[in-house]
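Trainee: Input file: work-v9.txt. Contents: compact mmCIF, N, CA, C and O atoms.
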```txt
# COMPACT_ATOMS: atom_id res chain seq x y z
N MET B 1 120.41 101.83 42.23
CA MET B 1 119.78 103.08 42.46
C MET B 1 119.78 103.37 43.96
O MET B 1 119.28 102.61 44.76
N ASP B 2 120.34 104.45 44.29
CA ASP B 2 120.48 104.87 45.67
C ASP B 2 119.25 105.68 46.06
O ASP B 2 118.86 106.59 45.36
N SER B 3 118.62 105.32 47.19
CA SER B 3 117.40 106.03 47.58
C SER B 3 117.73 106.98 48.72
O SER B 3 117.58 106.66 49.89
N CYS B 4 118.17 108.14 48.40
CA CYS B 4 118.49 109.17 49.38
C CYS B 4 117.26 110.03 49.61
O CYS B 4 116.44 110.21 48.73
N ILE B 5 117.19 110.55 50.82
CA ILE B 5 116.06 111.42 51.12
C ILE B 5 116.56 112.86 51.13
O ILE B 5 117.75 113.12 51.35
N THR B 6 115.63 113.75 50.94
CA THR B 6 116.01 115.17 50.91
C THR B 6 116.15 115.68 52.33
O THR B 6 115.72 115.06 53.31
N ARG B 7 116.75 116.82 52.44
CA ARG B 7 116.95 117.46 53.73
C ARG B 7 115.59 117.77 54.37
O ARG B 7 115.40 117.58 55.57
N ALA B 8 114.63 118.22 53.61
CA ALA B 8 113.30 118.54 54.12
C ALA B 8 112.62 117.29 54.66
O ALA B 8 111.98 117.32 55.72
N GLU B 9 112.76 116.16 53.94
CA GLU B 9 112.18 114.90 54.42
C GLU B 9 112.82 114.47 55.73
O GLU B 9 112.16 114.02 56.65
N HIS B 10 114.15 114.66 55.79
CA HIS B 10 114.87 114.28 57.01
C HIS B 10 114.42 115.14 58.19
O HIS B 10 114.19 114.64 59.30
N GLU B 11 114.27 116.44 57.97
CA GLU B 11 113.83 117.34 59.04
C GLU B 11 112.41 117.00 59.48
O GLU B 11 112.11 117.04 60.67
N GLU B 12 111.55 116.67 58.52
CA GLU B 12 110.17 116.28 58.86
C GLU B 12 110.19 114.98 59.68
O GLU B 12 109.48 114.85 60.68
N PHE B 13 111.00 114.03 59.27
CA PHE B 13 111.13 112.76 60.00
C PHE B 13 111.64 113.03 61.42
O PHE B 13 111.11 112.49 62.40
N THR B 14 112.65 113.89 61.53
CA THR B 14 113.22 114.22 62.83
C THR B 14 112.17 114.89 63.72
O THR B 14 112.04 114.56 64.91
N LYS B 15 111.41 115.82 63.15
CA LYS B 15 110.38 116.52 63.91
C LYS B 15 109.33 115.52 64.41
O LYS B 15 108.90 115.57 65.57
N ARG B 16 108.92 114.59 63.59
CA ARG B 16 107.92 113.59 63.99
C ARG B 16 108.49 112.64 65.05
O ARG B 16 107.78 112.24 65.99
N MET B 17 109.71 112.25 64.92
CA MET B 17 110.35 111.37 65.92
C MET B 17 110.45 112.09 67.27
O MET B 17 110.20 111.48 68.31
N GLU B 18 110.83 113.37 67.24
CA GLU B 18 110.92 114.13 68.49
C GLU B 18 109.54 114.26 69.13
O GLU B 18 109.40 114.14 70.35
N ALA B 19 108.51 114.47 68.32
CA ALA B 19 107.14 114.55 68.86
C ALA B 19 106.75 113.21 69.47
O ALA B 19 106.12 113.15 70.54
N GLU B 20 107.10 112.12 68.79
CA GLU B 20 106.79 110.78 69.32
C GLU B 20 107.54 110.53 70.62
O GLU B 20 106.98 110.00 71.59
N HIS B 21 108.79 110.94 70.69
CA HIS B 21 109.59 110.79 71.92
C HIS B 21 108.97 111.59 73.06
O HIS B 21 108.91 111.13 74.20
N THR B 22 108.51 112.81 72.72
CA THR B 22 107.87 113.65 73.74
C THR B 22 106.62 112.95 74.28
O THR B 22 106.40 112.91 75.50
N ARG B 23 105.79 112.41 73.37
CA ARG B 23 104.58 111.70 73.81
C ARG B 23 104.94 110.48 74.66
O ARG B 23 104.34 110.25 75.71
N GLN B 24 105.93 109.73 74.23
CA GLN B 24 106.32 108.53 74.97
C GLN B 24 106.92 108.89 76.33
O GLN B 24 106.65 108.23 77.34
N ASN B 25 107.73 109.95 76.35
CA ASN B 25 108.31 110.39 77.64
C ASN B 25 107.20 110.81 78.60
O ASN B 25 107.27 110.53 79.80
N ARG B 26 106.19 111.51 78.09
CA ARG B 26 105.08 111.92 78.95
C ARG B 26 104.33 110.70 79.47
O ARG B 26 103.95 110.65 80.65
N ARG B 27 104.09 109.72 78.60
CA ARG B 27 103.42 108.49 79.03
C ARG B 27 104.24 107.78 80.11
O ARG B 27 103.70 107.27 81.09
N ILE B 28 105.55 107.75 79.93
CA ILE B 28 106.43 107.11 80.93
C ILE B 28 106.35 107.87 82.25
O ILE B 28 106.28 107.26 83.33
N GLU B 29 106.35 109.22 82.20
CA GLU B 29 106.22 110.01 83.43
C GLU B 29 104.91 109.70 84.15
O GLU B 29 104.90 109.53 85.37
N LEU B 30 103.82 109.61 83.39
CA LEU B 30 102.53 109.29 83.99
C LEU B 30 102.55 107.91 84.63
O LEU B 30 102.02 107.70 85.73
N LEU B 31 103.16 106.95 83.94
CA LEU B 31 103.26 105.60 84.50
C LEU B 31 104.08 105.60 85.78
O LEU B 31 103.73 104.93 86.76
N GLU B 32 105.18 106.34 85.78
CA GLU B 32 106.02 106.42 86.98
C GLU B 32 105.24 107.04 88.14
O GLU B 32 105.34 106.58 89.28
N GLU B 33 104.46 108.08 87.86
CA GLU B 33 103.65 108.70 88.90
C GLU B 33 102.62 107.71 89.44
O GLU B 33 102.39 107.62 90.65
N ASN B 34 102.00 106.95 88.53
CA ASN B 34 101.01 105.95 88.96
C ASN B 34 101.65 104.86 89.80
O ASN B 34 101.07 104.42 90.81
N VAL B 35 102.84 104.42 89.41
CA VAL B 35 103.54 103.38 90.18
C VAL B 35 103.88 103.92 91.57
O VAL B 35 103.72 103.23 92.58
N GLU B 36 104.30 105.19 91.63
CA GLU B 36 104.61 105.79 92.92
C GLU B 36 103.36 105.89 93.79
O GLU B 36 103.39 105.57 94.98
N ARG B 37 102.24 106.31 93.19
CA ARG B 37 100.97 106.38 93.93
C ARG B 37 100.57 105.00 94.43
O ARG B 37 100.13 104.85 95.58
N LEU B 38 100.69 103.99 93.57
CA LEU B 38 100.34 102.63 93.99
C LEU B 38 101.22 102.16 95.14
O LEU B 38 100.74 101.48 96.06
N GLY B 39 102.48 102.53 95.10
CA GLY B 39 103.37 102.18 96.21
C GLY B 39 102.93 102.82 97.51
O GLY B 39 102.93 102.17 98.56
N ARG B 40 102.53 104.10 97.43
CA ARG B 40 102.06 104.78 98.64
C ARG B 40 100.75 104.16 99.13
O ARG B 40 100.55 103.98 100.33
N ILE B 41 99.87 103.82 98.20
CA ILE B 41 98.60 103.19 98.58
C ILE B 41 98.87 101.84 99.24
O ILE B 41 98.27 101.50 100.26
N THR B 42 99.77 101.07 98.65
CA THR B 42 100.11 99.76 99.22
C THR B 42 100.65 99.91 100.63
O THR B 42 100.25 99.18 101.55
N SER B 43 101.52 100.88 100.82
CA SER B 43 102.08 101.13 102.15
C SER B 43 100.98 101.53 103.12
O SER B 43 100.95 101.06 104.27
N SER B 44 100.07 102.38 102.67
CA SER B 44 98.95 102.81 103.53
C SER B 44 98.06 101.64 103.89
O SER B 44 97.61 101.52 105.04
N VAL B 45 97.79 100.78 102.94
CA VAL B 45 96.93 99.61 103.20
C VAL B 45 97.61 98.67 104.20
O VAL B 45 96.96 98.12 105.10
N GLU B 46 98.92 98.51 104.08
CA GLU B 46 99.64 97.66 105.04
C GLU B 46 99.55 98.24 106.45
O GLU B 46 99.31 97.51 107.41
N ARG B 47 99.75 99.57 106.56
CA ARG B 47 99.63 100.20 107.89
C ARG B 47 98.22 100.08 108.42
O ARG B 47 98.01 99.81 109.61
N LEU B 48 97.23 100.25 107.55
CA LEU B 48 95.84 100.12 107.95
C LEU B 48 95.55 98.71 108.46
O LEU B 48 94.90 98.53 109.49
N ALA B 49 96.05 97.70 107.73
CA ALA B 49 95.84 96.30 108.15
C ALA B 49 96.49 96.05 109.50
O ALA B 49 95.90 95.39 110.37
N THR B 50 97.68 96.58 109.70
CA THR B 50 98.37 96.40 110.98
C THR B 50 97.58 97.08 112.11
O THR B 50 97.40 96.49 113.18
N ASN B 51 97.10 98.29 111.85
CA ASN B 51 96.31 99.00 112.86
C ASN B 51 95.01 98.26 113.16
O ASN B 51 94.61 98.15 114.33
N MET B 52 94.36 97.74 112.14
CA MET B 52 93.11 97.01 112.35
C MET B 52 93.36 95.73 113.15
O MET B 52 92.54 95.35 113.98
N GLU B 53 94.48 95.08 112.89
CA GLU B 53 94.82 93.87 113.65
C GLU B 53 95.00 94.21 115.13
O GLU B 53 94.50 93.51 116.00
N GLY B 54 95.69 95.32 115.39
CA GLY B 54 95.87 95.76 116.77
C GLY B 54 94.54 96.12 117.42
O GLY B 54 94.31 95.80 118.59
N MET B 55 93.67 96.78 116.65
CA MET B 55 92.35 97.14 117.18
C MET B 55 91.53 95.89 117.49
O MET B 55 90.82 95.84 118.49
N LEU B 56 91.63 94.87 116.64
CA LEU B 56 90.89 93.63 116.88
C LEU B 56 91.36 92.98 118.18
O LEU B 56 90.54 92.55 119.00
N LYS B 57 92.67 92.93 118.38
CA LYS B 57 93.20 92.34 119.61
C LYS B 57 92.73 93.13 120.83
O LYS B 57 92.36 92.54 121.85
N GLU B 58 92.74 94.46 120.72
CA GLU B 58 92.30 95.29 121.83
C GLU B 58 90.81 95.07 122.10
O GLU B 58 90.39 95.00 123.26
N GLN B 59 90.01 94.96 121.06
CA GLN B 59 88.58 94.70 121.25
C GLN B 59 88.35 93.36 121.92
O GLN B 59 87.46 93.22 122.76
N GLU B 60 89.15 92.36 121.57
CA GLU B 60 89.02 91.05 122.22
C GLU B 60 89.33 91.17 123.70
O GLU B 60 88.61 90.61 124.55
N ARG B 61 90.42 91.92 124.03
CA ARG B 61 90.77 92.10 125.45
C ARG B 61 89.67 92.87 126.18
O ARG B 61 89.30 92.53 127.30
N GLN B 62 89.13 93.89 125.53
CA GLN B 62 88.04 94.65 126.15
C GLN B 62 86.80 93.79 126.34
O GLN B 62 86.10 93.91 127.36
N GLY B 63 86.52 92.91 125.39
CA GLY B 63 85.38 92.00 125.51
C GLY B 63 85.54 91.09 126.71
O GLY B 63 84.58 90.84 127.46
N GLU B 64 86.76 90.58 126.91
CA GLU B 64 87.01 89.71 128.07
C GLU B 64 86.81 90.47 129.36
O GLU B 64 86.18 89.97 130.31
N ARG B 65 87.34 91.71 129.41
CA ARG B 65 87.18 92.52 130.63
C ARG B 65 85.71 92.86 130.86
O ARG B 65 85.23 92.85 132.00
N LEU B 66 84.99 93.15 129.79
CA LEU B 66 83.57 93.47 129.91
C LEU B 66 82.79 92.27 130.43
O LEU B 66 81.91 92.42 131.28
N ASP B 67 83.12 91.08 129.92
CA ASP B 67 82.45 89.87 130.42
C ASP B 67 82.68 89.70 131.92
O ASP B 67 81.75 89.36 132.66
N LYS B 68 83.90 89.97 132.38
CA LYS B 68 84.19 89.86 133.81
C LYS B 68 83.39 90.89 134.60
O LYS B 68 82.83 90.58 135.66
N LEU B 69 83.34 92.12 134.08
CA LEU B 69 82.60 93.17 134.78
C LEU B 69 81.10 92.87 134.81
O LEU B 69 80.44 93.11 135.82
N GLU B 70 80.58 92.37 133.72
CA GLU B 70 79.15 92.04 133.68
C GLU B 70 78.83 90.87 134.60
O GLU B 70 77.74 90.80 135.16
N GLY B 71 79.75 89.95 134.78
CA GLY B 71 79.51 88.78 135.63
C GLY B 71 79.67 89.08 137.11
O GLY B 71 79.14 88.35 137.95
N LYS B 72 80.35 90.16 137.45
CA LYS B 72 80.64 90.47 138.85
C LYS B 72 79.38 90.68 139.68
O LYS B 72 79.25 90.08 140.75
N PRO B 73 78.41 91.49 139.25
CA PRO B 73 77.19 91.65 140.07
C PRO B 73 76.45 90.33 140.26
O PRO B 73 75.93 90.06 141.35
N GLY B 74 76.40 89.50 139.24
CA GLY B 74 75.74 88.20 139.37
C GLY B 74 76.46 87.32 140.37
O GLY B 74 75.83 86.63 141.19
N ASP B 75 77.80 87.36 140.34
CA ASP B 75 78.57 86.58 141.31
C ASP B 75 78.31 87.08 142.73
O ASP B 75 78.15 86.28 143.66
N ASN B 76 78.28 88.40 142.89
CA ASN B 76 78.02 88.97 144.22
C ASN B 76 76.63 88.58 144.71
O ASN B 76 76.45 88.25 145.88
N TRP B 77 75.65 88.62 143.84
CA TRP B 77 74.28 88.24 144.21
C TRP B 77 74.24 86.78 144.63
O TRP B 77 73.59 86.43 145.62
N ASN B 78 74.94 85.92 143.88
CA ASN B 78 74.98 84.49 144.24
C ASN B 78 75.60 84.29 145.61
O ASN B 78 75.14 83.45 146.40
N ILE B 79 76.63 85.06 145.93
CA ILE B 79 77.27 84.95 147.24
C ILE B 79 76.30 85.37 148.34
O ILE B 79 76.19 84.72 149.39
N VAL B 80 75.56 86.46 148.10
CA VAL B 80 74.59 86.94 149.10
C VAL B 80 73.49 85.89 149.30
O VAL B 80 73.11 85.58 150.43
N VAL B 81 72.97 85.35 148.22
CA VAL B 81 71.91 84.35 148.32
C VAL B 81 72.42 83.11 149.05
O VAL B 81 71.72 82.58 149.94
N LYS B 82 73.61 82.66 148.73
CA LYS B 82 74.18 81.51 149.43
C LYS B 82 74.33 81.80 150.92
O LYS B 82 74.04 80.94 151.77
N GLY B 83 74.78 83.01 151.25
CA GLY B 83 74.93 83.40 152.65
C GLY B 83 73.59 83.39 153.38
O GLY B 83 73.48 82.90 154.51
N LEU B 84 72.57 83.94 152.72
CA LEU B 84 71.24 83.96 153.34
C LEU B 84 70.69 82.56 153.51
O LEU B 84 70.12 82.23 154.57
N LEU B 85 70.85 81.72 152.48
CA LEU B 85 70.37 80.34 152.58
C LEU B 85 71.10 79.59 153.69
O LEU B 85 70.50 78.81 154.44
N THR B 86 72.39 79.84 153.79
CA THR B 86 73.17 79.19 154.85
C THR B 86 72.69 79.66 156.22
O THR B 86 72.53 78.86 157.15
N ALA B 87 72.44 80.96 156.36
CA ALA B 87 71.96 81.49 157.64
C ALA B 87 70.59 80.92 157.99
O ALA B 87 70.34 80.52 159.15
N VAL B 88 69.70 80.87 157.00
CA VAL B 88 68.37 80.31 157.24
C VAL B 88 68.47 78.83 157.61
O VAL B 88 67.84 78.36 158.56
N ALA B 89 69.28 78.09 156.85
CA ALA B 89 69.44 76.66 157.12
C ALA B 89 70.05 76.45 158.51
O ALA B 89 69.64 75.54 159.25
N THR B 90 71.01 77.29 158.85
CA THR B 90 71.63 77.18 160.18
C THR B 90 70.61 77.48 161.27
O THR B 90 70.56 76.80 162.31
N ALA B 91 69.81 78.50 161.06
CA ALA B 91 68.79 78.87 162.06
C ALA B 91 67.78 77.74 162.21
O ALA B 91 67.40 77.37 163.34
N ILE B 92 67.33 77.20 161.08
CA ILE B 92 66.36 76.10 161.15
C ILE B 92 67.00 74.88 161.81
O ILE B 92 66.41 74.25 162.69
N GLY B 93 68.23 74.57 161.37
CA GLY B 93 68.94 73.42 161.96
C GLY B 93 69.16 73.62 163.46
O GLY B 93 68.96 72.70 164.27
N GLY B 94 69.56 74.82 163.84
CA GLY B 94 69.77 75.12 165.26
C GLY B 94 68.47 75.02 166.04
O GLY B 94 68.43 74.52 167.17
N GLY B 95 67.38 75.51 165.45
CA GLY B 95 66.06 75.42 166.10
C GLY B 95 65.65 73.98 166.27
O GLY B 95 65.11 73.59 167.31
N LEU B 96 65.90 73.17 165.24
CA LEU B 96 65.56 71.75 165.34
C LEU B 96 66.38 71.07 166.42
O LEU B 96 65.85 70.26 167.21
N VAL B 97 67.66 71.36 166.44
CA VAL B 97 68.52 70.75 167.45
C VAL B 97 68.07 71.19 168.85
O VAL B 97 68.00 70.38 169.79
N ALA B 98 67.74 72.45 169.01
CA ALA B 98 67.28 72.95 170.32
C ALA B 98 65.97 72.29 170.70
O ALA B 98 65.75 71.91 171.88
N THR B 99 65.07 72.15 169.74
CA THR B 99 63.78 71.51 170.00
C THR B 99 63.98 70.05 170.39
O THR B 99 63.38 69.57 171.37
N VAL B 100 64.83 69.35 169.64
CA VAL B 100 65.11 67.94 169.93
C VAL B 100 65.76 67.83 171.32
O VAL B 100 65.41 66.96 172.13
N ALA B 101 66.69 68.71 171.60
CA ALA B 101 67.38 68.67 172.89
C ALA B 101 66.36 68.97 174.02
O ALA B 101 66.42 68.34 175.09
N ALA B 102 65.47 69.90 173.81
CA ALA B 102 64.48 70.24 174.83
C ALA B 102 63.54 69.06 175.08
O ALA B 102 63.16 68.77 176.21
N VAL B 103 63.18 68.39 173.97
CA VAL B 103 62.29 67.24 174.10
C VAL B 103 63.00 66.11 174.83
O VAL B 103 62.42 65.43 175.66
N LEU B 104 64.25 65.90 174.52
CA LEU B 104 65.00 64.84 175.16
C LEU B 104 65.27 65.13 176.63
O LEU B 104 65.41 64.22 177.45
N MET B 105 65.38 66.37 176.99
CA MET B 105 65.68 66.72 178.37
C MET B 105 64.45 66.68 179.26
O MET B 105 64.57 66.69 180.47
N LYS B 106 63.33 66.57 178.77
CA LYS B 106 62.11 66.58 179.59
C LYS B 106 61.91 65.30 180.26
O LYS B 106 62.16 64.27 180.27
```
Would you encode the structure as structure tokens?
Mentor:
Amino acid sequence: MDSCITRAEHEEFTKRMEAEHTRQNRRIELLEENVERLGRITSSVERLATNMEGMLKEQERQGERLDKLEGKPGDNWNIVVKGLLTAVATAIGGGLVATVAAVLMK
């Protein structure tokens, strides 16, 4: 017994297959769009990571320069204090030497 289908059944089958193909093609298009978006996002994230790495390095360099700038007034103050202490010590030492010399010369 041969099981042939009628022309109407074949046309209905064809119509349903075409509708299924249309749905599947649309799903594939959506997937392709999503893959493309993910690719763009991935590329953006890579550029962002690269930029952030550069910013981190620049912040480290700025931190080092800032530390030097912040230390400069303290260094200058230390130099002034050392100079004053040296001058005072020299004056006291000179006074002592002069006093000792005056005492010895009498």
Trainee: Let me have the centre and edge lengths in Å, one decimal, of the box along x, y and z around every listed atom of region 70-75 of chain B with 3 Å of margin on each side, as lines of an AutoDock Vina configuration file.
Mentor:
```
center_x = 78.2
center_y = 89.3
center_z = 138.7
size_x = 10.9
size_y = 12.1
size_z = 16.0
```
Trainee: I'd like the interatomic distance between atom C of Ala102 (chain B) and atom O of Leu84 (chain B), to a tenth of an Å.
Mentor: 25.2 Å
Trainee: Quick check, in Å to one decimal: how far apart do CA of Arg27 (chain B) and CA of His10 (chain B) lie?
Mentor: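 Atom-to-atom, CA of Arg27 (chain B) and CA of His10 (chain B) are spaced 25.5 Å apart.
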Trainee: Missing atoms in region 19-30 of chain B need filling: write out all heavy atoms for it as a CSV table (one decimal), in the frame of the given file.
Mentor:
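And here is the file that came out, part10.csv:
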```csv
chain,number,residue,atom,x,y,z
B,19,ALA,N,108.5,114.5,68.3
B,19,ALA,CA,107.1,114.6,68.9
B,19,ALA,C,106.8,113.2,69.5
B,19,ALA,O,106.1,113.2,70.5
B,19,ALA,CB,106.2,115.0,67.8
B,20,GLU,N,107.1,112.1,68.8
B,20,GLU,CA,106.8,110.8,69.3
B,20,GLU,C,107.5,110.5,70.6
B,20,GLU,O,107.0,110.0,71.6
B,20,GLU,CB,107.1,109.7,68.3
B,20,GLU,CG,106.9,108.3,68.7
B,20,GLU,CD,105.4,108.0,69.0
B,20,GLU,OE1,104.5,108.7,68.4
B,20,GLU,OE2,105.1,107.0,69.7
B,21,HIS,N,108.8,110.9,70.7
B,21,HIS,CA,109.6,110.8,71.9
B,21,HIS,C,109.0,111.6,73.1
B,21,HIS,O,108.9,111.1,74.2
B,21,HIS,CB,111.0,111.2,71.7
B,21,HIS,CG,111.8,110.3,70.8
B,21,HIS,ND1,113.0,110.6,70.2
B,21,HIS,CD2,111.6,109.0,70.5
B,21,HIS,CE1,113.4,109.6,69.5
B,21,HIS,NE2,112.6,108.6,69.6
B,22,THR,N,108.5,112.8,72.7
B,22,THR,CA,107.9,113.6,73.7
B,22,THR,C,106.6,113.0,74.3
B,22,THR,O,106.4,112.9,75.5
B,22,THR,CB,107.5,115.0,73.2
B,22,THR,OG1,108.7,115.7,72.7
B,22,THR,CG2,106.9,115.9,74.2
B,23,ARG,N,105.8,112.4,73.4
B,23,ARG,CA,104.6,111.7,73.8
B,23,ARG,C,104.9,110.5,74.7
B,23,ARG,O,104.3,110.2,75.7
B,23,ARG,CB,103.8,111.3,72.6
B,23,ARG,CG,102.9,112.4,72.0
B,23,ARG,CD,101.9,111.8,71.0
B,23,ARG,NE,102.5,111.1,69.9
B,23,ARG,CZ,103.0,111.6,68.8
B,23,ARG,NH1,103.0,112.9,68.6
B,23,ARG,NH2,103.5,110.9,67.8
B,24,GLN,N,105.9,109.7,74.2
B,24,GLN,CA,106.3,108.5,75.0
B,24,GLN,C,106.9,108.9,76.3
B,24,GLN,O,106.6,108.2,77.3
B,24,GLN,CB,107.3,107.7,74.2
B,24,GLN,CG,106.6,107.0,73.0
B,24,GLN,CD,107.6,106.2,72.2
B,24,GLN,OE1,108.8,106.1,72.5
B,24,GLN,NE2,107.1,105.5,71.2
B,25,ASN,N,107.7,110.0,76.4
B,25,ASN,CA,108.3,110.4,77.6
B,25,ASN,C,107.2,110.8,78.6
B,25,ASN,O,107.3,110.5,79.8
B,25,ASN,CB,109.3,111.5,77.4
B,25,ASN,CG,110.6,111.0,76.8
B,25,ASN,OD1,110.9,109.8,76.9
B,25,ASN,ND2,111.4,111.9,76.2
B,26,ARG,N,106.2,111.5,78.1
B,26,ARG,CA,105.1,111.9,79.0
B,26,ARG,C,104.3,110.7,79.5
B,26,ARG,O,104.0,110.6,80.6
B,26,ARG,CB,104.1,112.8,78.2
B,26,ARG,CG,103.0,113.3,79.0
B,26,ARG,CD,103.4,114.2,80.1
B,26,ARG,NE,102.2,114.5,81.0
B,26,ARG,CZ,102.3,114.5,82.3
B,26,ARG,NH1,103.4,114.4,82.9
B,26,ARG,NH2,101.2,114.8,83.0
B,27,ARG,N,104.1,109.7,78.6
B,27,ARG,CA,103.4,108.5,79.0
B,27,ARG,C,104.2,107.8,80.1
B,27,ARG,O,103.7,107.3,81.1
B,27,ARG,CB,103.2,107.6,77.8
B,27,ARG,CG,102.1,108.1,76.9
B,27,ARG,CD,102.0,107.2,75.7
B,27,ARG,NE,101.5,105.9,76.1
B,27,ARG,CZ,101.5,104.8,75.3
B,27,ARG,NH1,102.0,104.9,74.1
B,27,ARG,NH2,101.1,103.7,75.7
B,28,ILE,N,105.6,107.8,79.9
B,28,ILE,CA,106.4,107.1,80.9
B,28,ILE,C,106.4,107.9,82.2
B,28,ILE,O,106.3,107.3,83.3
B,28,ILE,CB,107.9,107.0,80.4
B,28,ILE,CG1,108.0,106.0,79.3
B,28,ILE,CG2,108.8,106.7,81.5
B,28,ILE,CD1,109.3,106.0,78.6
B,29,GLU,N,106.4,109.2,82.2
B,29,GLU,CA,106.2,110.0,83.4
B,29,GLU,C,104.9,109.7,84.2
B,29,GLU,O,104.9,109.5,85.4
B,29,GLU,CB,106.3,111.5,83.1
B,29,GLU,CG,107.6,112.0,82.7
B,29,GLU,CD,107.6,113.5,82.3
B,29,GLU,OE1,106.6,114.2,82.6
B,29,GLU,OE2,108.5,113.9,81.6
B,30,LEU,N,103.8,109.6,83.4
B,30,LEU,CA,102.5,109.3,84.0
B,30,LEU,C,102.6,107.9,84.6
B,30,LEU,O,102.0,107.7,85.7
B,30,LEU,CB,101.4,109.4,83.0
B,30,LEU,CG,101.1,110.8,82.4
B,30,LEU,CD1,100.1,110.7,81.3
B,30,LEU,CD2,100.5,111.7,83.6
```
